[in-house]
>>> print(open('input15.txt').read())   # compact mmCIF, C-alpha atoms
# COMPACT_ATOMS: atom_id res chain seq x y z
CA MET N 672 64.96 119.41 176.30
CA CYS N 673 63.81 121.45 173.34
CA THR N 674 60.90 122.14 171.08
CA VAL N 675 62.48 122.01 167.64
CA THR N 676 63.92 118.52 167.89
CA PRO N 677 65.35 118.46 164.35
CA ILE N 678 67.75 121.18 165.51
CA SER N 679 68.83 119.10 168.50
CA LEU N 680 69.49 116.23 166.10
CA THR N 681 71.51 118.44 163.79
CA VAL N 682 73.71 119.74 166.56
CA GLY N 683 74.37 116.23 167.82
CA ALA N 684 72.41 115.86 171.06
CA ASN N 685 72.06 112.19 172.01
CA ARG N 686 69.18 112.23 174.49
CA ILE N 687 66.42 114.57 173.35
CA VAL N 688 63.11 115.29 175.08
CA PRO N 689 60.59 117.28 173.04
CA THR N 690 58.98 120.19 174.88
CA ILE N 691 55.87 122.32 174.57
CA ALA N 692 56.72 125.53 172.70
CA ILE N 693 59.66 127.77 171.94
CA PRO N 694 58.77 130.57 174.36
CA HIS N 695 57.74 128.17 177.13
CA PRO N 696 59.40 124.79 176.63
CA LEU N 697 58.52 123.56 180.12
CA GLY N 698 55.23 125.35 180.57
CA ASN N 699 51.87 126.20 179.11
CA PRO N 700 50.41 129.59 180.00
CA ALA N 701 46.95 128.38 178.98
CA LEU N 702 46.88 126.12 182.03
CA ASP N 703 46.51 127.21 185.63
CA HIS N 704 49.66 127.16 187.74
CA ASP N 705 49.11 123.74 189.32
CA GLU N 706 48.31 122.08 186.01
CA GLU N 707 51.31 123.75 184.43
CA LYS N 708 53.62 122.55 187.20
CA LYS N 709 52.30 119.00 186.77
CA LEU N 710 53.05 119.26 183.05
CA ARG N 711 56.54 120.55 183.83
CA ARG N 712 57.10 117.71 186.24
CA ARG N 713 56.04 115.12 183.67
CA LEU N 714 58.52 116.55 181.17
CA VAL N 715 61.38 116.63 183.67
CA GLU N 716 60.58 113.05 184.73
CA LYS N 717 60.83 112.07 181.08
CA ALA N 718 64.25 113.72 181.00
CA LEU N 719 65.32 111.77 184.08
CA LYS N 720 64.09 108.58 182.41
CA ALA N 721 66.15 109.45 179.34
CA LEU N 722 69.23 109.94 181.51
CA GLN N 723 68.77 106.42 182.88
CA THR N 724 68.28 104.84 179.45
CA PRO N 725 71.21 103.40 177.52
CA VAL N 726 71.30 104.68 173.94
CA ASP N 727 73.54 103.81 170.98
CA ASP N 728 72.61 106.74 168.86
CA GLN N 729 70.69 110.00 168.97
CA THR N 730 67.32 109.22 170.54
CA ILE N 731 64.17 111.28 170.94
CA PHE N 732 62.21 110.37 174.05
CA GLU N 733 58.62 111.22 173.08
CA MET Q 722 94.27 161.67 144.33
CA TYR Q 723 92.49 159.91 147.19
CA ARG Q 724 93.91 160.32 150.70
CA ILE Q 725 94.45 157.14 152.68
CA VAL Q 726 95.55 156.84 156.30
CA HIS Q 727 97.24 153.63 157.36
CA TYR Q 728 97.07 152.18 160.89
CA ILE Q 729 99.81 149.72 161.89
CA ASN Q 730 101.49 148.42 165.01
CA GLN Q 731 104.84 149.26 166.58
CA PHE Q 732 106.64 146.47 164.72
CA TYR Q 733 105.69 147.58 161.20
CA ALA Q 734 106.44 151.14 162.26
CA GLY Q 735 110.00 150.06 162.93
CA ILE Q 736 109.79 151.08 166.59
CA GLY Q 737 110.56 147.61 167.90
CA GLY Q 738 109.14 144.22 168.76
CA GLU Q 739 107.44 142.97 171.91
CA ASP Q 740 109.73 145.14 174.00
CA HIS Q 741 107.99 148.18 172.53
CA ALA Q 742 104.47 146.85 172.41
CA ASP Q 743 103.54 149.30 175.13
CA VAL Q 744 104.03 152.50 173.14
CA GLY Q 745 101.03 154.74 172.82
CA PRO Q 746 99.54 155.97 169.54
CA ALA Q 747 101.42 158.46 167.40
CA LYS Q 748 101.72 159.66 163.83
CA MET Q 749 104.92 158.67 162.08
CA PRO Q 750 107.09 161.49 160.76
CA GLN Q 751 107.32 159.64 157.44
CA VAL Q 752 105.28 156.78 155.98
CA PRO Q 753 107.08 153.46 156.43
CA PRO Q 754 107.78 150.80 153.77
CA VAL Q 755 104.56 148.86 154.39
CA SER Q 756 102.50 151.99 153.72
CA LYS Q 757 104.57 152.76 150.62
CA ALA Q 758 103.68 149.29 149.34
CA PHE Q 759 100.01 150.28 149.39
CA THR Q 760 100.70 153.60 147.69
CA ALA Q 761 102.53 151.74 144.92
CA ALA Q 762 99.60 149.35 144.53
CA PHE Q 763 97.20 152.29 144.06
CA LYS Q 764 99.02 153.16 140.82
CA GLY Q 765 98.63 156.92 141.15
CA GLU Q 766 94.94 156.95 142.11
CA ALA Q 767 95.52 157.20 145.84
CA GLU Q 768 98.28 157.77 148.34
CA VAL Q 769 98.91 156.89 151.98
CA VAL Q 770 99.30 160.42 153.33
CA ALA Q 771 99.86 159.49 156.95
CA THR Q 772 100.60 156.42 159.03
CA ILE Q 773 99.44 156.08 162.63
CA TYR Q 774 100.88 153.34 164.85
CA CYS Q 775 100.16 152.05 168.32
CA GLY Q 776 101.80 149.37 170.45
CA ASP Q 777 99.74 146.16 170.44
CA SER Q 778 99.87 145.78 174.22
CA TYR Q 779 99.09 149.43 174.85
CA PHE Q 780 96.04 149.04 172.64
CA ALA Q 781 94.89 145.82 174.30
CA GLU Q 782 95.27 147.23 177.80
CA ASN Q 783 93.92 150.74 177.12
CA THR Q 784 91.48 150.06 174.35
CA ASP Q 785 89.02 152.90 174.83
CA LYS Q 786 91.70 155.48 175.48
CA ALA Q 787 93.80 154.27 172.53
CA LEU Q 788 90.78 154.30 170.20
CA ASN Q 789 90.00 157.89 171.15
CA GLU Q 790 93.57 159.00 170.56
CA ILE Q 791 93.85 157.09 167.29
CA CYS Q 792 90.55 158.42 165.97
CA GLU Q 793 91.67 161.98 166.76
CA LEU Q 794 94.95 161.44 164.90
CA ILE Q 795 93.13 159.95 161.91
CA LYS Q 796 90.45 162.64 161.85
CA ALA Q 797 93.13 165.33 161.63
CA GLU Q 798 94.32 163.87 158.31
CA ASN Q 799 90.88 164.03 156.69
CA PRO Q 800 91.28 160.76 154.77
CA ASP Q 801 88.93 159.27 152.16
CA MET Q 802 89.42 155.87 153.69
CA VAL Q 803 91.54 154.08 156.30
CA ILE Q 804 93.46 150.82 156.06
CA ALA Q 805 94.44 148.90 159.20
CA GLY Q 806 97.06 146.12 159.16
CA PRO Q 807 97.34 143.59 157.59
CA ALA Q 808 97.73 141.74 160.89
CA PHE Q 809 98.09 138.18 159.55
CA ASN Q 810 97.81 135.86 162.55
CA ALA Q 811 99.01 138.30 165.22
CA GLY Q 812 96.14 138.26 167.71
CA ARG Q 813 96.64 141.57 169.50
CA TYR Q 814 97.40 143.35 166.23
CA GLY Q 815 94.28 141.86 164.64
CA PHE Q 816 92.26 142.90 167.68
CA ALA Q 817 93.65 146.43 167.37
CA ALA Q 818 93.25 146.62 163.59
CA GLY Q 819 89.70 145.29 163.73
CA ASN Q 820 88.80 147.68 166.52
CA VAL Q 821 90.34 150.70 164.80
CA ALA Q 822 88.66 149.88 161.49
CA ALA Q 823 85.30 149.43 163.23
CA ALA Q 824 85.60 152.59 165.32
CA VAL Q 825 86.72 154.83 162.46
CA LYS Q 826 83.80 153.62 160.36
CA ALA Q 827 81.25 153.99 163.14
CA GLN Q 828 82.47 157.21 164.74
CA LEU Q 829 84.08 159.12 161.89
CA GLY Q 830 81.92 157.75 159.08
CA ILE Q 831 85.02 156.99 157.02
CA PRO Q 832 85.11 153.68 155.08
CA THR Q 833 87.69 151.20 156.39
CA LEU Q 834 89.39 147.98 155.43
CA THR Q 835 91.66 145.62 157.26
CA GLY Q 836 93.34 142.30 156.50
CA MET Q 837 94.12 139.30 158.66
CA TYR Q 838 94.25 135.51 158.76
CA GLU Q 839 90.86 133.80 159.14
CA GLU Q 840 91.63 132.49 162.64
CA ASN Q 841 92.73 135.84 164.02
CA PRO Q 842 90.43 136.86 166.90
CA GLY Q 843 90.20 140.27 165.22
CA THR Q 844 87.86 138.67 162.68
CA ASP Q 845 85.15 139.24 165.29
CA TYR Q 846 84.89 142.68 163.70
CA LYS Q 847 84.07 141.39 160.24
CA SER Q 848 80.54 142.71 160.43
CA LYS Q 849 81.79 146.17 161.48
CA THR Q 850 84.33 146.80 158.74
CA ILE Q 851 85.63 144.96 155.67
CA ILE Q 852 88.20 142.27 156.42
CA VAL Q 853 90.29 140.72 153.65
CA PRO Q 854 91.58 137.20 154.41
CA THR Q 855 95.36 136.96 154.28
CA LYS Q 856 97.98 134.28 154.77
CA ASN Q 857 99.00 133.56 158.34
CA SER Q 858 102.35 135.37 158.37
CA ALA Q 859 104.15 138.40 156.99
CA ALA Q 860 105.47 136.18 154.22
CA GLY Q 861 102.04 136.85 152.75
CA MET Q 862 102.47 140.65 152.67
CA ARG Q 863 102.66 140.99 148.87
CA ASP Q 864 99.59 138.81 148.48
CA ALA Q 865 97.74 140.81 151.15
CA VAL Q 866 98.55 144.20 149.63
CA ALA Q 867 97.53 142.95 146.19
CA LYS Q 868 94.15 141.85 147.52
CA MET Q 869 93.52 144.80 149.84
CA ALA Q 870 94.55 147.69 147.57
CA PRO Q 871 91.82 147.38 144.90
CA LEU Q 872 89.10 147.13 147.55
CA ALA Q 873 90.58 150.07 149.45
CA LEU Q 874 90.41 152.11 146.25
CA LYS Q 875 86.77 151.21 145.70
CA LEU Q 876 85.97 152.25 149.26
CA ALA Q 877 87.91 155.52 148.85
CA LYS Q 878 85.87 156.28 145.73
CA GLY Q 879 82.66 155.66 147.62
CA GLU Q 880 81.80 152.67 145.44
CA GLU Q 881 79.59 149.90 146.82
CA LEU Q 882 81.27 146.55 147.22
CA GLY Q 883 79.67 143.47 145.75
CA PRO Q 884 79.06 140.28 147.73
CA TYR Q 885 81.97 138.76 149.65
CA TYR Q 886 82.36 135.79 147.32
CA VAL Q 887 82.84 138.13 144.36
CA GLU Q 888 85.05 140.79 145.97
CA GLY Q 889 87.09 138.45 148.14
CA TYR Q 890 86.52 139.80 151.65
CA MET Q 891 85.31 137.88 154.69
CA TYR Q 892 81.62 137.11 155.02
CA THR Q 893 80.21 139.95 157.13
CA GLY Q 894 76.87 138.48 158.05
CA ILE Q 895 75.24 141.74 157.00
CA ARG Q 896 72.24 141.07 154.81
CA LYS Q 897 71.75 143.11 151.69
CA ASN Q 898 68.76 142.57 149.49
CA LEU Q 899 69.53 142.12 145.83
CA PHE Q 900 67.65 140.88 142.82
CA GLU Q 901 68.93 137.62 141.38
CA GLU Q 902 68.74 137.16 137.64
CA GLU Q 903 66.96 133.85 137.92
CA ARG Q 904 64.14 133.15 140.35
CA GLY Q 905 64.70 130.98 143.40
CA ALA Q 906 62.60 128.07 142.17
CA LYS Q 907 64.74 127.73 139.05
CA ARG Q 908 67.99 128.06 141.01
CA ALA Q 909 66.82 125.43 143.49
CA VAL Q 910 65.82 122.99 140.74
CA ASP Q 911 69.08 123.57 138.87
CA MET Q 912 71.02 122.86 142.05
CA MET Q 913 68.99 119.70 142.70
CA LEU Q 914 69.53 118.43 139.14
CA LYS Q 915 73.27 118.93 139.51
CA LYS Q 916 73.24 117.16 142.87
CA LEU Q 917 71.27 114.22 141.47
CA ALA Q 918 73.65 113.95 138.53
CA GLY Q 919 76.61 113.99 140.89
CA GLU Q 920 77.84 117.23 139.35
CA PRO Q 921 79.47 119.94 141.46
CA PHE Q 922 77.24 122.78 142.63
CA ILE Q 923 77.70 125.80 144.84
CA THR Q 924 75.41 126.15 147.80
CA GLU Q 925 73.87 129.57 148.37
CA PHE Q 926 74.00 129.03 152.11
CA PRO Q 927 76.83 127.03 153.66
CA MET Q 928 75.86 125.18 156.83
CA PRO Q 929 78.28 125.17 159.77
CA ASN Q 930 79.82 121.82 160.67
CA PHE Q 931 78.36 120.14 163.70
CA ASP Q 932 80.16 117.21 165.20
CA ARG Q 933 78.87 114.09 166.91
CA VAL Q 934 79.85 112.57 170.22
CA ALA Q 935 79.24 109.03 171.42
CA PRO Q 936 76.35 108.86 173.91
CA ASN Q 937 77.39 108.49 177.53
CA PRO Q 938 76.26 105.44 179.51
CA PRO Q 939 73.09 106.01 181.52
CA VAL Q 940 73.09 107.28 185.09
CA ALA Q 941 73.31 104.23 187.34
CA ASP Q 942 71.28 105.46 190.30
CA ILE Q 943 69.29 108.60 189.70
CA THR Q 944 68.29 108.84 193.37
CA LYS Q 945 71.93 109.44 194.23
CA ALA Q 946 72.79 111.59 191.21
CA LYS Q 947 73.80 115.26 191.32
CA ILE Q 948 71.99 116.88 188.40
CA ALA Q 949 72.82 120.29 186.96
CA LEU Q 950 70.51 122.54 184.97
CA CYS Q 951 71.92 124.41 181.98
CA THR Q 952 70.13 126.46 179.36
CA SER Q 953 70.52 128.31 176.09
CA GLY Q 954 67.23 130.05 176.79
CA GLY Q 955 68.99 132.97 178.43
CA ILE Q 956 67.60 132.74 181.98
CA VAL Q 957 69.62 135.14 184.14
CA PRO Q 958 69.22 136.93 187.48
CA LYS Q 959 66.90 139.93 187.15
CA GLY Q 960 68.78 142.84 185.63
CA ASN Q 961 71.12 140.59 183.64
CA PRO Q 962 74.10 141.61 185.82
CA ASP Q 963 76.69 140.13 183.49
CA HIS Q 964 75.10 141.67 180.40
CA ILE Q 965 74.70 138.50 178.40
CA GLU Q 966 73.78 139.71 174.93
CA SER Q 967 70.29 139.10 173.57
CA SER Q 968 71.88 137.78 170.40
CA SER Q 969 75.33 136.47 169.50
CA ALA Q 970 76.29 135.89 173.10
CA SER Q 971 79.95 136.48 173.76
CA HIS Q 972 79.93 134.76 177.13
CA TYR Q 973 77.87 132.62 179.51
CA GLY Q 974 76.79 133.07 183.11
CA LYS Q 975 77.22 130.83 186.14
CA TYR Q 976 74.70 131.51 188.91
CA ASP Q 977 74.24 130.17 192.41
CA ILE Q 978 70.79 128.81 193.24
CA GLU Q 979 71.72 127.48 196.66
CA GLY Q 980 68.55 127.85 198.74
CA VAL Q 981 66.47 128.97 195.76
CA GLN Q 982 63.33 126.84 195.70
CA TYR Q 983 61.88 128.27 192.51
CA LEU Q 984 62.52 131.14 190.11
CA THR Q 985 60.23 134.17 190.14
CA SER Q 986 59.61 137.13 187.86
CA GLU Q 987 61.07 139.39 190.53
CA THR Q 988 64.34 137.54 190.80
CA TYR Q 989 65.03 136.19 187.32
CA GLN Q 990 64.34 137.01 183.70
CA THR Q 991 65.37 135.97 180.24
CA ALA Q 992 68.02 137.86 178.26
CA HIS Q 993 67.25 136.00 175.02
CA GLY Q 994 66.15 138.18 172.10
CA GLY Q 995 65.06 135.35 169.81
CA TYR Q 996 61.72 134.40 171.30
CA ASP Q 997 58.82 136.23 172.89
CA PRO Q 998 60.10 136.72 176.48
CA VAL Q 999 56.70 137.32 178.07
CA TYR Q 1000 56.17 133.76 179.33
CA ALA Q 1001 59.72 133.20 180.53
CA ASN Q 1002 59.75 136.53 182.34
CA ALA Q 1003 56.41 135.82 184.01
CA ASP Q 1004 57.63 132.41 185.18
CA PRO Q 1005 61.29 131.59 184.50
CA ASN Q 1006 60.73 127.99 185.66
CA ARG Q 1007 59.13 127.52 182.24
CA VAL Q 1008 62.65 127.60 180.76
CA LEU Q 1009 64.78 126.55 183.74
CA PRO Q 1010 62.67 124.13 185.83
CA VAL Q 1011 64.14 124.86 189.25
CA ASP Q 1012 60.77 124.44 191.01
CA VAL Q 1013 60.26 120.88 189.82
CA MET Q 1014 63.89 119.91 190.38
CA ARG Q 1015 63.66 121.08 194.01
CA ASP Q 1016 60.48 119.01 194.50
CA LEU Q 1017 62.23 115.96 193.08
CA GLU Q 1018 65.24 116.62 195.30
CA ARG Q 1019 63.06 116.95 198.41
CA GLU Q 1020 61.24 113.73 197.55
CA GLY Q 1021 64.51 111.83 197.11
CA LYS Q 1022 63.79 111.14 193.45
CA ILE Q 1023 67.18 112.64 192.55
CA GLY Q 1024 70.31 112.89 194.71
CA SER Q 1025 70.56 116.68 194.49
CA LEU Q 1026 70.21 119.72 192.24
CA HIS Q 1027 73.66 121.21 191.61
CA ARG Q 1028 74.00 124.62 193.20
CA TYR Q 1029 75.11 126.38 190.00
CA PHE Q 1030 73.32 126.70 186.71
CA TYR Q 1031 75.03 127.72 183.50
CA THR Q 1032 73.24 129.93 181.03
CA THR Q 1033 73.74 131.67 177.76
CA VAL Q 1034 71.62 133.00 174.91
CA GLY Q 1035 71.44 130.66 171.95
CA ASN Q 1036 70.06 133.29 169.56
CA GLY Q 1037 72.53 133.77 166.71
CA THR Q 1038 75.39 132.64 168.89
CA ALA Q 1039 78.30 131.29 166.87
CA VAL Q 1040 78.68 127.53 166.97
CA ALA Q 1041 82.33 128.00 167.79
CA ASN Q 1042 81.46 130.13 170.80
CA ALA Q 1043 78.76 127.80 172.05
CA LYS Q 1044 81.24 124.96 171.81
CA LYS Q 1045 83.86 126.98 173.68
CA PHE Q 1046 81.52 127.91 176.52
CA ALA Q 1047 80.44 124.32 177.07
CA ALA Q 1048 83.97 122.90 176.81
CA GLU Q 1049 84.94 125.31 179.56
CA TYR Q 1050 82.07 124.86 181.96
CA ALA Q 1051 81.87 121.12 181.42
CA GLN Q 1052 85.21 120.95 183.24
CA GLU Q 1053 83.67 122.76 186.21
CA LEU Q 1054 80.68 120.43 186.19
CA LYS Q 1055 82.99 117.44 186.23
CA ALA Q 1056 85.15 118.90 189.00
CA ASP Q 1057 81.99 119.57 191.04
CA GLY Q 1058 80.96 115.93 190.79
CA VAL Q 1059 77.88 116.50 188.62
CA ASP Q 1060 76.54 113.19 187.26
CA ALA Q 1061 74.14 114.45 184.62
CA VAL Q 1062 72.94 117.66 183.01
CA ILE Q 1063 69.51 118.71 181.85
CA LEU Q 1064 70.00 121.31 179.14
CA THR Q 1065 66.92 123.26 178.13
CA SER Q 1066 66.62 125.31 174.99
CA THR Q 1067 64.09 127.59 173.34
>>> encode(input="input15.txt", output="structure tokens")
Amino acid sequence: MCTVTPISLTVGANRIVPTIAIPHPLGNPALDHDEEKKLRRRLVEKALKALQTPVDDQTIFE
Amino acid sequence: MYRIVHYINQFYAGIGGEDHADVGPAKMPQVPPVSKAFTAAFKGEAEVVATIYCGDSYFAENTDKALNEICELIKAENPDMVIAGPAFNAGRYGFAAGNVAAAVKAQLGIPTLTGMYEENPGTDYKSKTIIVPTKNSAAGMRDAVAKMAPLALKLAKGEELGPYYVEGYMYTGIRKNLFEEERGAKRAVDMMLKKLAGEPFITEFPMPNFDRVAPNPPVADITKAKIALCTSGGIVPKGNPDHIESSSASHYGKYDIEGVQYLTSETYQTAHGGYDPVYANADPNRVLPVDVMRDLEREGKIGSLHRYFYTTVGNGTAVANAKKFAAEYAQELKADGVDAVILTST
């Protein structure tokens, strides 16, 4: 899970989930805590989905 | 006539081999053949006036003490510069030579030079001294002396060294601003034209090699899976107890989150120096999502959250090191029955 996905591609990650921002990949300080946690949960659920998805090559799960 | 002091190990001092690797530092009564080889290469402009040796094991096991003693011995000779090694591929010797060269430069303000094979762990010090690449064994001594002596002379004279690719020393990673003759736009276009024409060109910035691995099959049943969190975002227990560096991490941390439901600003922080830490320090779950993983665990959406997380700081950390850390802790993850990893980065 990372913000600058081209870097993840360069270093060879196969399942990549784009995140919010470099200093807070799984958060957004502009939101209130509950909203932020919901956002974080959505991102992690995307990661879990990626883990359950067969891939042949490097794949970004938008 | 410039004064040079030479640092070597017990073997080149003629004291003995491994059986004498535990001797402490001392000044030799006379300079040995390897030091004389340097004097000869200086062609009358400089001379090795003293040679200090130390046993490689003594140095490795008593590094701080040995460095203090060695620096005292070197200081007493009042040299214009100090040469350490060459150590070729001998790891402990390279470690000692690199350390001595770095310490003399930093603490005594005397320019230093050492030589070793590119894979020697002592090359870690290449940003703290000047390291000349040598062959991987003492069969390369003549070659090493021939390459090291002219640079040593320049350093003794107080001359500035040019870039590594001109002078022949190892890339230090230290940035120096200089004015190029041609502007960047022209150099970039020239390089592109060569590339398009299939002609050879020299890159101004070599990229490290990254390798690829085949993707693993998907997790069969996520509700039964043990998932581990890992990060390069530098999340560590508050106080950074294992002192993971804010840049160029030399190690990683393994921390137990058994019973931890979420990370807080009182209990965790980031050690990473490459991004604004304010948000991660205020709420470390923003980089290592323990809170959400615990919810998912409680709800049965995943089997379990692994009790350990692995962390390091990705900022400026050498690819080789990052690879090494992961190769090591991946074995622990496997042994602990982890089915999948979520790795977060910043």
>>> residues_around(input="input15.txt", residues="Gln982 of chain Q", least_positions_apart="2", cutoff="9 Å", atoms="only C-alpha atoms", output="number ranges by chain")
Q: 978-980, 984, 1011-1016
>>> write_last_selection(input="input15.txt", atoms="C-alpha atoms", output="short mmCIF file (atom, residue, chain, number, x, y, z; two decimals), in the coordinates of the input")
data_model
loop_
_atom_site.label_atom_id
_atom_site.label_comp_id
_atom_site.auth_asym_id
_atom_site.auth_seq_id
_atom_site.Cartn_x
_atom_site.Cartn_y
_atom_site.Cartn_z
CA ILE Q 978 70.79 128.81 193.24
CA GLU Q 979 71.72 127.48 196.66
CA GLY Q 980 68.55 127.85 198.74
CA LEU Q 984 62.52 131.14 190.11
CA VAL Q 1011 64.14 124.86 189.25
CA ASP Q 1012 60.77 124.44 191.01
CA VAL Q 1013 60.26 120.88 189.82
CA MET Q 1014 63.89 119.91 190.38
CA ARG Q 1015 63.66 121.08 194.01
CA ASP Q 1016 60.48 119.01 194.50
#
>>> residues_around(input="input15.txt", residues="Ala1061 of chain Q", least_positions_apart="6", cutoff="10 Å", atoms="only C-alpha atoms", output="PyMOL selection string")
(chain N and resi 719+722-723) or (chain Q and resi 937+939-940+943+946-950+1027+1054-1055)
>>> residues_around(input="input15.txt", residues="Lys878 of chain Q", least_positions_apart="3", cutoff="10 Å", atoms="all atoms listed in the file", output="VMD selection string")
chain Q and resid 723 766 to 767 801 to 802 832 872 to 875 881
>>> closest_residue(input="input15.txt", among="Q:Glu903, Q:Gly960, Q:Tyr892, Q:Ile965", to="Pro927 of chain Q", atoms="all atoms listed in the file")
Q:Tyr892
>>> axis_aligned_box(input="input15.txt", around="segment 972-982 of chain Q", padding_each_side="8 Å", output="JSON")
{"center_x": 71.6, "center_y": 130.8, "center_z": 187.9, "size_x": 32.6, "size_y": 23.9, "size_z": 37.6}
>>> closest_residue(input="input15.txt", among="Q:Ala1001, Q:Leu1026, Q:Ala734, Q:Ala1051", to="chain N", atoms="only C-alpha atoms")
Q:Ala1001
>>> interface_residues(input="input15.txt", of="chain Q", to="chain N", cutoff="6 Å", atoms="only C-alpha atoms", output="VMD selection string")
chain Q and resid 931 933 936 938 to 940 996 to 997 1007 to 1008 1013 1065 to 1067
